[in-house]
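This is start_14.cif. It holds mmCIF, C-alpha atoms.
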```cif
data_target
#
loop_
_atom_site.label_atom_id
_atom_site.label_comp_id
_atom_site.auth_asym_id
_atom_site.auth_seq_id
_atom_site.Cartn_x
_atom_site.Cartn_y
_atom_site.Cartn_z
CA MET A 1 2.71 -23.94 -11.42
CA LEU A 2 5.13 -20.99 -11.43
CA GLN A 3 6.70 -19.88 -8.17
CA CYS A 4 6.25 -16.42 -6.72
CA LEU A 5 8.41 -15.05 -3.92
CA LEU A 6 6.20 -12.71 -1.91
CA LEU A 7 7.90 -10.42 0.60
CA GLY A 8 5.56 -8.85 3.13
CA GLY A 9 3.14 -11.76 2.96
CA THR A 10 1.70 -11.06 6.42
CA GLY A 11 0.97 -7.41 5.60
CA GLN A 12 -2.30 -6.05 4.29
CA VAL A 13 -1.48 -6.28 0.59
CA GLY A 14 0.44 -9.53 0.98
CA ARG A 15 -2.53 -11.22 2.64
CA ALA A 16 -4.89 -9.81 0.02
CA LEU A 17 -2.72 -11.06 -2.82
CA GLN A 18 -2.61 -14.56 -1.39
CA ALA A 19 -6.39 -14.54 -0.94
CA CYS A 20 -6.78 -13.35 -4.53
CA TRP A 21 -4.53 -16.11 -5.87
CA ARG A 22 -6.31 -18.78 -3.83
CA THR A 23 -9.44 -18.05 -5.86
CA THR A 24 -7.49 -18.34 -9.13
CA PRO A 25 -6.52 -22.03 -9.48
CA GLY A 26 -3.16 -22.62 -11.08
CA SER A 27 -2.00 -19.02 -10.75
CA TRP A 28 1.06 -19.02 -8.46
CA ASP A 29 2.86 -21.32 -6.08
CA VAL A 30 3.54 -18.72 -3.39
CA ASP A 31 6.67 -18.69 -1.26
CA ALA A 32 5.94 -16.12 1.47
CA PRO A 33 8.58 -16.50 4.19
CA PRO A 34 7.83 -14.55 7.39
CA SER A 35 10.08 -11.63 8.22
CA ALA A 36 11.61 -13.60 11.08
CA GLN A 37 12.89 -16.02 8.46
CA LEU A 38 13.67 -13.62 5.59
CA SER A 39 13.82 -9.88 6.23
CA LEU A 40 14.69 -6.88 4.09
CA GLN A 41 16.87 -5.81 7.01
CA ASP A 42 19.26 -8.45 5.66
CA PRO A 43 19.41 -7.58 1.94
CA GLU A 44 22.15 -10.09 1.16
CA ALA A 45 20.09 -12.95 2.58
CA VAL A 46 17.08 -11.87 0.50
CA ALA A 47 19.16 -11.69 -2.68
CA ALA A 48 20.70 -15.09 -1.93
CA HIS A 49 17.21 -16.56 -1.45
CA VAL A 50 16.19 -15.30 -4.89
CA ARG A 51 19.31 -16.72 -6.52
CA ARG A 52 18.79 -20.08 -4.79
CA THR A 53 15.05 -20.53 -5.40
CA ARG A 54 14.92 -18.81 -8.83
CA PRO A 55 11.25 -17.75 -8.70
CA ALA A 56 9.43 -16.70 -11.86
CA LEU A 57 7.97 -13.69 -10.05
CA VAL A 58 9.04 -11.55 -7.10
CA VAL A 59 6.53 -9.25 -5.42
CA ASN A 60 7.93 -6.87 -2.81
CA GLY A 61 5.14 -5.76 -0.52
CA ALA A 62 7.45 -5.30 2.47
CA ALA A 63 8.66 -1.93 3.72
CA TYR A 64 9.56 0.06 6.80
CA THR A 65 6.22 1.89 7.07
CA ARG A 66 6.44 3.44 10.53
CA VAL A 67 6.59 6.95 9.13
CA ASP A 68 7.36 8.79 12.35
CA ASP A 69 9.76 6.15 13.69
CA ALA A 70 11.75 6.43 10.47
CA GLU A 71 12.83 9.92 11.52
CA SER A 72 14.70 8.45 14.49
CA HIS A 73 15.76 5.22 12.73
CA PRO A 74 16.91 6.49 9.33
CA ASP A 75 19.53 3.77 8.83
CA VAL A 76 17.00 0.96 9.24
CA ALA A 77 14.50 2.71 6.97
CA ARG A 78 17.15 3.18 4.28
CA VAL A 79 18.22 -0.45 4.34
CA VAL A 80 14.65 -1.79 4.17
CA ASN A 81 13.12 0.76 1.80
CA ALA A 82 16.01 1.60 -0.52
CA GLU A 83 19.06 -0.67 -0.32
CA ALA A 84 17.26 -4.01 -0.02
CA PRO A 85 14.86 -3.37 -2.93
CA GLY A 86 17.86 -2.52 -5.12
CA MET A 87 19.63 -5.76 -4.22
CA LEU A 88 16.38 -7.67 -4.65
CA ALA A 89 15.94 -6.20 -8.12
CA ARG A 90 19.49 -7.14 -9.15
CA ALA A 91 18.91 -10.70 -7.99
CA ALA A 92 15.56 -10.88 -9.79
CA ALA A 93 17.14 -9.62 -13.01
CA ALA A 94 19.94 -12.16 -12.69
CA VAL A 95 17.52 -15.11 -12.58
CA GLY A 96 15.09 -13.67 -15.12
CA ALA A 97 12.25 -13.13 -12.67
CA ARG A 98 9.55 -10.55 -13.16
CA LEU A 99 9.45 -8.02 -10.32
CA VAL A 100 6.63 -5.95 -8.84
CA HIS A 101 7.58 -3.42 -6.17
CA LEU A 102 4.97 -1.55 -4.14
CA SER A 103 5.49 2.12 -3.35
CA THR A 104 3.59 5.07 -1.98
CA ASP A 105 2.01 8.47 -2.54
CA TYR A 106 4.49 9.82 0.02
CA VAL A 107 7.05 10.27 -2.76
CA PHE A 108 5.13 13.50 -3.48
CA ASP A 109 4.85 16.47 -1.12
CA GLY A 110 1.19 17.08 -1.96
CA ARG A 111 1.64 20.75 -2.74
CA GLY A 112 0.96 20.52 -6.48
CA GLY A 113 -2.82 20.81 -6.23
CA ALA A 114 -3.53 18.38 -9.11
CA PRO A 115 -3.40 14.57 -9.24
CA TYR A 116 0.12 13.26 -9.73
CA ARG A 117 0.86 11.34 -12.92
CA PRO A 118 3.36 8.46 -12.71
CA ASP A 119 5.98 10.58 -14.50
CA ALA A 120 5.56 13.62 -12.22
CA PRO A 121 8.74 14.79 -10.45
CA THR A 122 9.00 13.30 -6.98
CA THR A 123 9.34 15.63 -4.01
CA PRO A 124 9.60 13.44 -0.91
CA GLN A 125 9.60 14.89 2.59
CA GLY A 126 10.98 13.03 5.56
CA VAL A 127 13.01 9.87 5.89
CA TYR A 128 10.26 7.40 5.01
CA ALA A 129 9.31 9.30 1.86
CA ARG A 130 12.90 9.77 0.68
CA THR A 131 13.83 6.14 1.24
CA LYS A 132 10.75 4.92 -0.63
CA ARG A 133 11.59 7.20 -3.55
CA ASP A 134 15.18 5.96 -3.51
CA GLY A 135 13.89 2.39 -3.45
CA GLU A 136 11.87 3.02 -6.61
CA ARG A 137 14.94 4.37 -8.36
CA ALA A 138 17.12 1.48 -7.21
CA VAL A 139 14.60 -1.08 -8.44
CA LEU A 140 14.17 0.44 -11.89
CA GLU A 141 17.90 0.99 -12.32
CA ALA A 142 18.74 -2.61 -11.44
CA CYS A 143 15.78 -4.18 -13.25
CA PRO A 144 14.42 -1.92 -16.03
CA GLY A 145 11.58 -4.36 -16.76
CA ALA A 146 10.29 -4.15 -13.18
CA LEU A 147 6.89 -2.67 -12.34
CA VAL A 148 6.63 -0.16 -9.49
CA VAL A 149 3.05 0.23 -8.28
CA ARG A 150 2.36 3.30 -6.17
CA THR A 151 -0.71 3.26 -3.97
CA ALA A 152 -2.13 5.15 -0.99
CA TRP A 153 -4.01 4.90 2.29
CA VAL A 154 -4.34 1.11 2.26
CA HIS A 155 -6.90 -0.44 4.58
CA SER A 156 -8.25 -3.91 5.29
CA ALA A 157 -9.61 -6.03 8.11
CA THR A 158 -5.99 -6.67 9.16
CA PRO A 159 -4.87 -3.86 11.52
CA PRO A 160 -3.09 -1.59 11.90
CA ASN A 161 -4.68 0.89 9.51
CA PHE A 162 -6.78 4.02 9.87
CA VAL A 163 -10.14 2.39 9.14
CA ALA A 164 -9.51 -0.30 11.75
CA THR A 165 -8.51 2.34 14.29
CA ALA A 166 -11.62 4.41 13.53
CA VAL A 167 -13.88 1.39 13.97
CA ARG A 168 -12.33 0.56 17.34
CA VAL A 169 -12.42 4.13 18.68
CA LEU A 170 -15.90 4.99 17.44
CA MET A 171 -17.44 1.74 18.68
CA GLN A 172 -16.12 2.67 22.10
CA GLY A 173 -18.24 5.82 21.89
CA ALA A 174 -15.31 8.21 21.70
CA VAL A 175 -15.00 11.42 19.71
CA MET A 176 -12.20 11.32 17.14
CA ARG A 177 -10.30 14.48 16.26
CA VAL A 178 -9.18 13.90 12.67
CA VAL A 179 -7.26 16.10 10.25
CA ASP A 180 -9.25 17.44 7.34
CA ASP A 181 -6.42 19.11 5.39
CA GLN A 182 -4.61 15.95 4.24
CA VAL A 183 -6.22 14.56 1.10
CA GLY A 184 -5.65 11.30 -0.75
CA THR A 185 -7.49 8.14 -1.79
CA PRO A 186 -8.34 5.35 0.65
CA THR A 187 -7.60 2.03 -1.07
CA ARG A 188 -8.93 -1.35 -0.04
CA ALA A 189 -6.18 -3.96 0.01
CA ALA A 190 -8.36 -6.56 -1.71
CA GLN A 191 -9.05 -4.19 -4.59
CA LEU A 192 -5.35 -3.32 -4.90
CA ALA A 193 -4.51 -7.03 -4.99
CA GLU A 194 -6.91 -7.52 -7.90
CA VAL A 195 -5.24 -4.67 -9.79
CA VAL A 196 -1.77 -6.09 -9.15
CA ASP A 197 -2.94 -9.51 -10.34
CA ALA A 198 -4.41 -7.96 -13.49
CA LEU A 199 -1.18 -6.07 -14.15
CA LEU A 200 0.77 -9.30 -13.79
CA ALA A 201 -1.44 -10.90 -16.43
CA ALA A 202 -0.86 -7.90 -18.68
CA MET A 203 2.91 -8.16 -18.16
CA GLU A 204 2.92 -11.70 -19.53
CA GLY A 205 1.98 -10.59 -23.01
CA ASP A 206 3.28 -7.03 -23.04
CA PRO A 207 6.81 -6.12 -21.91
CA THR A 208 5.85 -2.43 -21.97
CA VAL A 209 3.84 -2.97 -18.76
CA ALA A 210 6.77 -1.80 -16.68
CA GLY A 211 8.10 1.30 -15.00
CA ILE A 212 5.79 3.19 -12.65
CA MET A 213 2.02 2.82 -12.49
CA HIS A 214 -0.50 4.19 -9.99
CA ALA A 215 -3.27 2.13 -8.41
CA THR A 216 -5.83 3.35 -5.89
CA ASP A 217 -9.57 3.20 -5.49
CA ALA A 218 -11.58 5.96 -7.17
CA GLY A 219 -12.33 9.38 -5.69
CA VAL A 220 -10.57 11.54 -3.12
CA ALA A 221 -11.03 12.15 0.60
CA SER A 222 -9.53 13.69 3.68
CA TRP A 223 -8.86 11.59 6.75
CA TYR A 224 -11.84 13.38 8.30
CA ASP A 225 -14.02 12.21 5.40
CA VAL A 226 -12.88 8.63 5.97
CA ALA A 227 -13.68 8.75 9.68
CA CYS A 228 -17.12 10.17 8.90
CA ALA A 229 -17.75 7.36 6.42
CA VAL A 230 -16.80 4.81 9.08
CA LEU A 231 -19.14 6.41 11.60
CA GLU A 232 -21.92 6.50 9.02
CA ARG A 233 -21.57 2.79 8.30
CA LEU A 234 -21.41 1.90 12.00
CA GLY A 235 -24.59 3.91 12.47
CA GLU A 236 -26.32 1.97 9.70
CA LEU A 237 -25.29 -1.25 11.43
CA GLY A 238 -26.53 -0.03 14.79
CA LEU A 239 -23.03 -0.17 16.22
CA ALA A 240 -22.30 3.52 16.84
CA PRO A 241 -22.91 4.69 20.44
CA ALA A 242 -24.66 8.05 20.73
CA THR A 243 -21.48 9.58 22.16
CA ALA A 244 -19.36 8.67 19.13
CA GLY A 245 -18.37 11.54 16.87
CA VAL A 246 -15.79 12.97 14.50
CA VAL A 247 -14.37 16.48 14.77
CA PRO A 248 -12.24 18.08 12.03
CA VAL A 249 -8.87 19.56 12.99
CA THR A 250 -5.85 20.87 11.10
CA THR A 251 -2.52 19.16 10.64
CA ALA A 252 -0.94 22.02 12.59
CA GLU A 253 -2.94 20.92 15.63
CA PHE A 254 -1.33 17.47 15.45
CA PRO A 255 2.43 17.99 15.07
CA ARG A 256 4.21 14.78 14.13
CA PRO A 257 7.91 13.96 13.70
CA ALA A 258 7.50 13.30 9.96
CA PRO A 259 5.72 15.59 7.50
CA ARG A 260 2.71 14.30 5.59
CA PRO A 261 1.72 15.12 1.99
CA ALA A 262 -1.06 17.69 1.90
CA VAL A 263 -3.01 16.74 -1.25
CA ALA A 264 -1.33 13.64 -2.68
CA VAL A 265 -3.88 12.23 -5.10
CA LEU A 266 -2.45 9.70 -7.56
CA ASP A 267 -3.56 9.94 -11.19
CA CYS A 268 -4.48 6.35 -12.06
CA HIS A 269 -5.96 6.92 -15.51
CA ALA A 270 -3.12 5.17 -17.35
CA THR A 271 -3.59 2.06 -15.20
CA TRP A 272 -7.35 2.07 -15.62
CA ALA A 273 -6.99 2.48 -19.39
CA ARG A 274 -4.46 -0.36 -19.57
CA LEU A 275 -6.74 -2.72 -17.66
CA GLY A 276 -9.98 -1.50 -19.21
CA ARG A 277 -11.72 -0.92 -15.90
CA THR A 278 -12.25 1.63 -13.17
CA PRO A 279 -12.02 0.56 -9.51
CA PRO A 280 -14.84 1.08 -7.01
CA HIS A 281 -15.16 4.41 -5.21
CA TRP A 282 -13.25 4.61 -1.94
CA ARG A 283 -16.51 4.70 0.04
CA VAL A 284 -17.40 1.24 -1.27
CA GLY A 285 -14.08 -0.10 -0.04
CA VAL A 286 -14.32 1.54 3.36
CA ARG A 287 -17.81 0.15 3.92
CA ALA A 288 -16.58 -3.33 2.98
CA THR A 289 -13.67 -3.10 5.41
CA VAL A 290 -15.92 -1.88 8.22
CA ASP A 291 -18.28 -4.79 7.59
CA GLU A 292 -15.37 -7.25 7.76
CA LEU A 293 -14.02 -5.69 10.93
CA VAL A 294 -17.28 -5.88 12.84
CA GLY A 295 -18.34 -9.23 11.41
CA GLU A 296 -21.68 -10.32 12.77
CA GLY A 297 -21.72 -7.60 15.41
CA ALA A 298 -18.43 -8.67 16.97
CA VAL A 299 -15.49 -6.29 16.94
CA LYS A 300 -12.41 -7.93 15.47
CA VAL A 301 -9.93 -5.11 16.13
#
```

Any chance you could put this one into structure tokens?
Amino acid sequence: MLQCLLLGGTGQVGRALQACWRTTPGSWDVDAPPSAQLSLQDPEAVAAHVRRTRPALVVNGAAYTRVDDAESHPDVARVVNAEAPGMLARAAAAVGARLVHLSTDYVFDGRGGAPYRPDAPTTPQGVYARTKRDGERAVLEACPGALVVRTAWVHSATPPNFVATAVRVLMQGAVMRVVDDQVGTPTRAAQLAEVVDALLAAMEGDPTVAGIMHATDAGVASWYDVACAVLERLGELGLAPATAGVVPVTTAEFPRPAPRPAVAVLDCHATWARLGRTPPHWRVGVRATVDELVGEGAVKV
């Protein structure tokens, strides 16, 4: 069985990938050291680990994702999101390992109005966005055969994420004030893991499966739309108090340290064509995550 080094194994996508591979016997022998043991904040240690263990595959699902905190901790964000991925890619190339690096819709400013193709010019705003864009560049420069998978608005039954927060708040009977002028595509971590696994299979027989690809669920939504979908599902399950509600507001009413993309929809058609399938609509994924979070009537968040 081939070894895979998985960074970010306790995160949403990392957990989903491991669950996906557990249902595929003989796929990967996963080495997923916790961040306390191996962290991208120590790039040299990560690179040394790759050179020592010589995995066949490296998947980097780790990142500094605290978007607002990155504005006040730019040095940490740059090390984790940009410098470490570059060193990781050089180490992977040196041992002949395939590399998959996860990235984000934040590399775009969301002002274009149309879905962003993988080859669209990047226009990051804020520290988090710039460091993730720089990480993409560092990975592809150091390891041209690497695959960078951009995704967006990931959610799962493993908090923190917006769907989990909405379930908790709405089940308490509160009214959520949610922005309706930021648009993207909610993406269920389990579905993203299946796409990554399929892309890995495609990479085995086709070296052109490299560079940048986009992977999200289907459809588009605002954060307000997502909160409404959560409330709708809770209502169907009889778990939404009568006082619970969702009110649309503008981004201007919620000033944050870091700017957010306005309409950052990723064009995933090239990925769907390569894999010969279209993912479920985002509403399907959100309903599935809500069902997991509440379980048999018990809140798990």

- Query: Taking only C-alpha atoms into account, which of A:Gly8, A:Val230, A:Leu88, A:Trp28 comes nearest Val46 (chain A)?
  - Reply: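 The answer is A:Leu88, which sits nearest to Val46 (chain A).
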
- Query: So, counting all atoms listed in the file, which residue among A:Gln41, A:Gln3, A:Thr216, A:Thr278 is closest to Val76 (chain A)?
  - Reply: A:Gln41

- Message: Report as a list of chain:residue names all protein, DNA and RNA residues lying within 10 Å of Ser27 (chain A), evaluated on only C-alpha atoms, omitting residues in the same chain fewer than 4 positions from it.
- Response: A:Met1, A:Leu2, A:Gln3, A:Cys4, A:Cys20, A:Trp21, A:Arg22, A:Thr23, A:Asp197, A:Ala201

- Message: Ranking A:Thr123, A:Ser156, A:Thr131, A:Thr250 by minimum distance to Gln182 (chain A) and counting all atoms listed in the file, which one comes first?
- Response: A:Thr250

- Task: Select, from A:Ala202, A:Ala142, A:Ala93, A:Leu102, the residue with the minimum atom-to-atom distance to Arg54 (chain A), counting all atoms listed in the file.
- Result: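 Checking each of A:Ala202, A:Ala142, A:Ala93, A:Leu102 against Arg54 (chain A), counting all atoms listed in the file, the winner is A:Ala93.
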
- Message: Excluding Pro43 (chain A) and its own-chain neighbours fewer than 5 positions away, which residues fall within 12 Å of it when counting all atoms listed in the file? Please give them as a count of residues only.
- Response: 21

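Excluding Gly61 (chain A) itself and same-chain residues fewer than 6 positions from it, the residues having an atom within 10 Å of it are A:Leu6, A:Leu7, A:Gly8, A:Gly9, A:Thr10, A:Gly11, A:Gln12, A:Val13, A:Gly14, A:Arg15, A:Leu17, A:Val100, A:His101, A:Leu102, A:Ser103, counting only C-alpha atoms.
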
- Task: For the file shown, report as a count of residues only the outcome of the PyMOL selection byres ((chain A and resi 170-176) around 9) at residue level.
- Result: 22

- Item | Distance query region 261-264 of chain A at most 7 Å, all atoms listed in the file, self and fewer than 5 positions along chain excluded, as a list in words | Asp105, Tyr106, Phe108, Asp109, Gly110, Arg111, Gly113, Pro115, Asp181, Gln182, Val183 and Gly184 of chain A

- Query: In Å, with one decimal, what is the gap from CA of Pro257 (chain A) to CA of Ala62 (chain A)?
  - Reply: 22.3 Å
